[in-house]
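One structure is given here, and the rest of the page talks about it.
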Amino acid sequence: MEKANRNGECDVIERFAASFGRNPHCAYNFDTQDHTLQLNSQTIVITRKDFDDRKWQKTIRNAMQRRG
């Protein structure tokens, strides 16, 4: 994922996601305002609403539990 498609929120998401796997990569889509996280060969989409409502951590946890 390109650095140009990042914002400060991606840094926060990646720090949290690192507890679930190695080398998480986040990209921010400026058109849709969604974040896309690549973690352990899985793609996790975090919507603007989930991020603003502080539900993004639960989104990541749920995705990792479904995978496990």
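Scheme for the structure tokens: letters A, B, ... for chains in order shown; per-chain residue numbers from 1; ligand numbers from 1 in order shown.
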Leaving out A:Thr59 and any residue of its chain fewer than 2 positions from it, which residues lie within 9 Å of it when counting only C-alpha atoms, given as a PyMOL selection string? chain A and resi 44-46+50+55-57+61-64
Can you write out the residues you just picked, keeping all heavy atoms, as an mmCIF file, in the first residue's frame?
data_model
loop_
_atom_site.group_PDB
_atom_site.id
_atom_site.type_symbol
_atom_site.label_atom_id
_atom_site.label_comp_id
_atom_site.auth_asym_id
_atom_site.auth_seq_id
_atom_site.Cartn_x
_atom_site.Cartn_y
_atom_site.Cartn_z
ATOM 1 N N ILE A 44 -9.214 -6.235 5.909
ATOM 2 C CA ILE A 44 -10.232 -5.779 6.851
ATOM 3 C C ILE A 44 -10.550 -4.325 6.514
ATOM 4 O O ILE A 44 -9.655 -3.490 6.480
ATOM 5 C CB ILE A 44 -9.719 -5.879 8.305
ATOM 6 C CG1 ILE A 44 -9.308 -7.317 8.625
ATOM 7 C CG2 ILE A 44 -10.776 -5.370 9.280
ATOM 8 C CD1 ILE A 44 -8.495 -7.458 9.897
ATOM 9 N N VAL A 45 -11.827 -4.041 6.252
ATOM 10 C CA VAL A 45 -12.247 -2.676 5.925
ATOM 11 C C VAL A 45 -12.851 -2.046 7.169
ATOM 12 O O VAL A 45 -13.720 -2.619 7.819
ATOM 13 C CB VAL A 45 -13.259 -2.672 4.764
ATOM 14 C CG1 VAL A 45 -13.766 -1.254 4.506
ATOM 15 C CG2 VAL A 45 -12.628 -3.255 3.514
ATOM 16 N N ILE A 46 -12.362 -0.875 7.490
ATOM 17 C CA ILE A 46 -12.870 -0.105 8.629
ATOM 18 C C ILE A 46 -13.534 1.147 8.067
ATOM 19 O O ILE A 46 -12.866 1.986 7.461
ATOM 20 C CB ILE A 46 -11.731 0.260 9.597
ATOM 21 C CG1 ILE A 46 -11.065 -1.023 10.123
ATOM 22 C CG2 ILE A 46 -12.240 1.131 10.734
ATOM 23 C CD1 ILE A 46 -9.748 -0.792 10.813
ATOM 24 N N ASP A 50 -17.406 3.450 11.690
ATOM 25 C CA ASP A 50 -16.820 2.584 12.726
ATOM 26 C C ASP A 50 -15.627 3.259 13.392
ATOM 27 O O ASP A 50 -15.450 3.155 14.605
ATOM 28 C CB ASP A 50 -16.393 1.238 12.152
ATOM 29 C CG ASP A 50 -17.571 0.307 11.921
ATOM 30 O OD1 ASP A 50 -18.679 0.619 12.398
ATOM 31 O OD2 ASP A 50 -17.374 -0.736 11.267
ATOM 32 N N LYS A 55 -15.475 1.864 17.027
ATOM 33 C CA LYS A 55 -15.780 0.439 16.894
ATOM 34 C C LYS A 55 -14.742 -0.279 16.039
ATOM 35 O O LYS A 55 -14.853 -1.477 15.805
ATOM 36 C CB LYS A 55 -17.163 0.255 16.262
ATOM 37 C CG LYS A 55 -18.289 0.756 17.137
ATOM 38 C CD LYS A 55 -19.618 0.564 16.467
ATOM 39 C CE LYS A 55 -20.742 1.097 17.344
ATOM 40 N NZ LYS A 55 -22.044 0.997 16.702
ATOM 41 N N TRP A 56 -13.719 0.435 15.589
ATOM 42 C CA TRP A 56 -12.749 -0.156 14.675
ATOM 43 C C TRP A 56 -11.924 -1.255 15.335
ATOM 44 O O TRP A 56 -11.578 -2.240 14.685
ATOM 45 C CB TRP A 56 -11.853 0.920 14.067
ATOM 46 C CG TRP A 56 -11.034 1.696 15.060
ATOM 47 C CD1 TRP A 56 -11.417 2.813 15.739
ATOM 48 C CD2 TRP A 56 -9.714 1.411 15.488
ATOM 49 N NE1 TRP A 56 -10.415 3.228 16.560
ATOM 50 C CE2 TRP A 56 -9.335 2.395 16.422
ATOM 51 C CE3 TRP A 56 -8.786 0.419 15.153
ATOM 52 C CZ2 TRP A 56 -8.096 2.410 17.033
ATOM 53 C CZ3 TRP A 56 -7.544 0.444 15.762
ATOM 54 C CH2 TRP A 56 -7.210 1.429 16.691
ATOM 55 N N GLN A 57 -11.628 -1.141 16.625
ATOM 56 C CA GLN A 57 -10.868 -2.192 17.300
ATOM 57 C C GLN A 57 -11.681 -3.485 17.354
ATOM 58 O O GLN A 57 -11.146 -4.571 17.141
ATOM 59 C CB GLN A 57 -10.470 -1.755 18.706
ATOM 60 C CG GLN A 57 -9.445 -0.637 18.693
ATOM 61 C CD GLN A 57 -9.081 -0.172 20.087
ATOM 62 O OE1 GLN A 57 -9.811 -0.414 21.046
ATOM 63 N NE2 GLN A 57 -7.964 0.521 20.195
ATOM 64 N N ARG A 61 -10.743 -7.180 15.906
ATOM 65 C CA ARG A 61 -10.818 -8.374 16.776
ATOM 66 C C ARG A 61 -11.752 -9.436 16.186
ATOM 67 O O ARG A 61 -11.411 -10.619 16.144
ATOM 68 C CB ARG A 61 -11.329 -7.987 18.164
ATOM 69 C CG ARG A 61 -10.289 -7.419 19.059
ATOM 70 C CD ARG A 61 -10.824 -7.325 20.496
ATOM 71 N NE ARG A 61 -10.064 -6.340 21.218
ATOM 72 C CZ ARG A 61 -10.452 -5.098 21.486
ATOM 73 N NH1 ARG A 61 -11.645 -4.677 21.111
ATOM 74 N NH2 ARG A 61 -9.668 -4.277 22.135
ATOM 75 N N ASN A 62 -12.931 -9.012 15.745
ATOM 76 C CA ASN A 62 -13.899 -9.955 15.175
ATOM 77 C C ASN A 62 -13.345 -10.635 13.925
ATOM 78 O O ASN A 62 -13.531 -11.836 13.737
ATOM 79 C CB ASN A 62 -15.216 -9.259 14.854
ATOM 80 C CG ASN A 62 -15.992 -8.885 16.089
ATOM 81 O OD1 ASN A 62 -15.742 -9.383 17.175
ATOM 82 N ND2 ASN A 62 -16.938 -7.980 15.924
ATOM 83 N N ALA A 63 -12.676 -9.880 13.088
ATOM 84 C CA ALA A 63 -12.101 -10.446 11.869
ATOM 85 C C ALA A 63 -11.028 -11.477 12.203
ATOM 86 O O ALA A 63 -10.951 -12.534 11.557
ATOM 87 C CB ALA A 63 -11.523 -9.343 10.983
ATOM 88 N N MET A 64 -10.231 -11.202 13.199
ATOM 89 C CA MET A 64 -9.170 -12.131 13.569
ATOM 90 C C MET A 64 -9.744 -13.387 14.246
ATOM 91 O O MET A 64 -9.224 -14.476 14.061
ATOM 92 C CB MET A 64 -8.145 -11.448 14.470
ATOM 93 C CG MET A 64 -7.432 -10.284 13.789
ATOM 94 S SD MET A 64 -6.821 -10.641 12.119
ATOM 95 C CE MET A 64 -5.641 -11.921 12.434
#
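Within 10 Å of stretch 14-21 of chain A there are Ala27, Leu37, Gln38, Leu39, Asn40, Ser41, Gln57, Ile60, Arg61 and Met64 of chain A, counting only C-alpha atoms and ignoring same-chain residues fewer than 6 positions away.
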Would you give me, as JSON, numbers by chain, the residues in chain A that DSSP reads as helix (DSSP H, G or I)? {"A": [3, 4, 5, 8, 9, 10, 11, 12, 13, 14, 15, 16, 17, 48, 49, 50, 51, 52, 56, 57, 58, 59, 60, 61, 62, 63, 64, 65, 66, 67]}
Could you tell me, as an MDAnalysis selection string, which residues of chain A DSSP assigns to strand (DSSP E or B) when given the backbone? chainID A and resid 25:28 35:39 42:46
Return the single residue from A:Arg6, A:Arg66, A:Arg54, A:Arg22 that is closest to A:His35, with distances computed using only C-alpha atoms.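 Closest residue, counting only C-alpha atoms: A:Arg6.
Between atom CA of A:Asp34 and atom CA of A:Ile13 lies a distance of 12.1 Å.
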Report, in Å to a single decimal, how far apart atom CA of A:Asn7 and atom CA of A:Thr32 are.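 Interatomic distance here is 13.6 Å.
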What is the distance, in Å and to one decimal place, between atom CA of A:Asp52 and atom CA of A:His25?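 Taking atom CA of A:Asp52 as the start and atom CA of A:His25 as the end point, the length is 19.8 Å.
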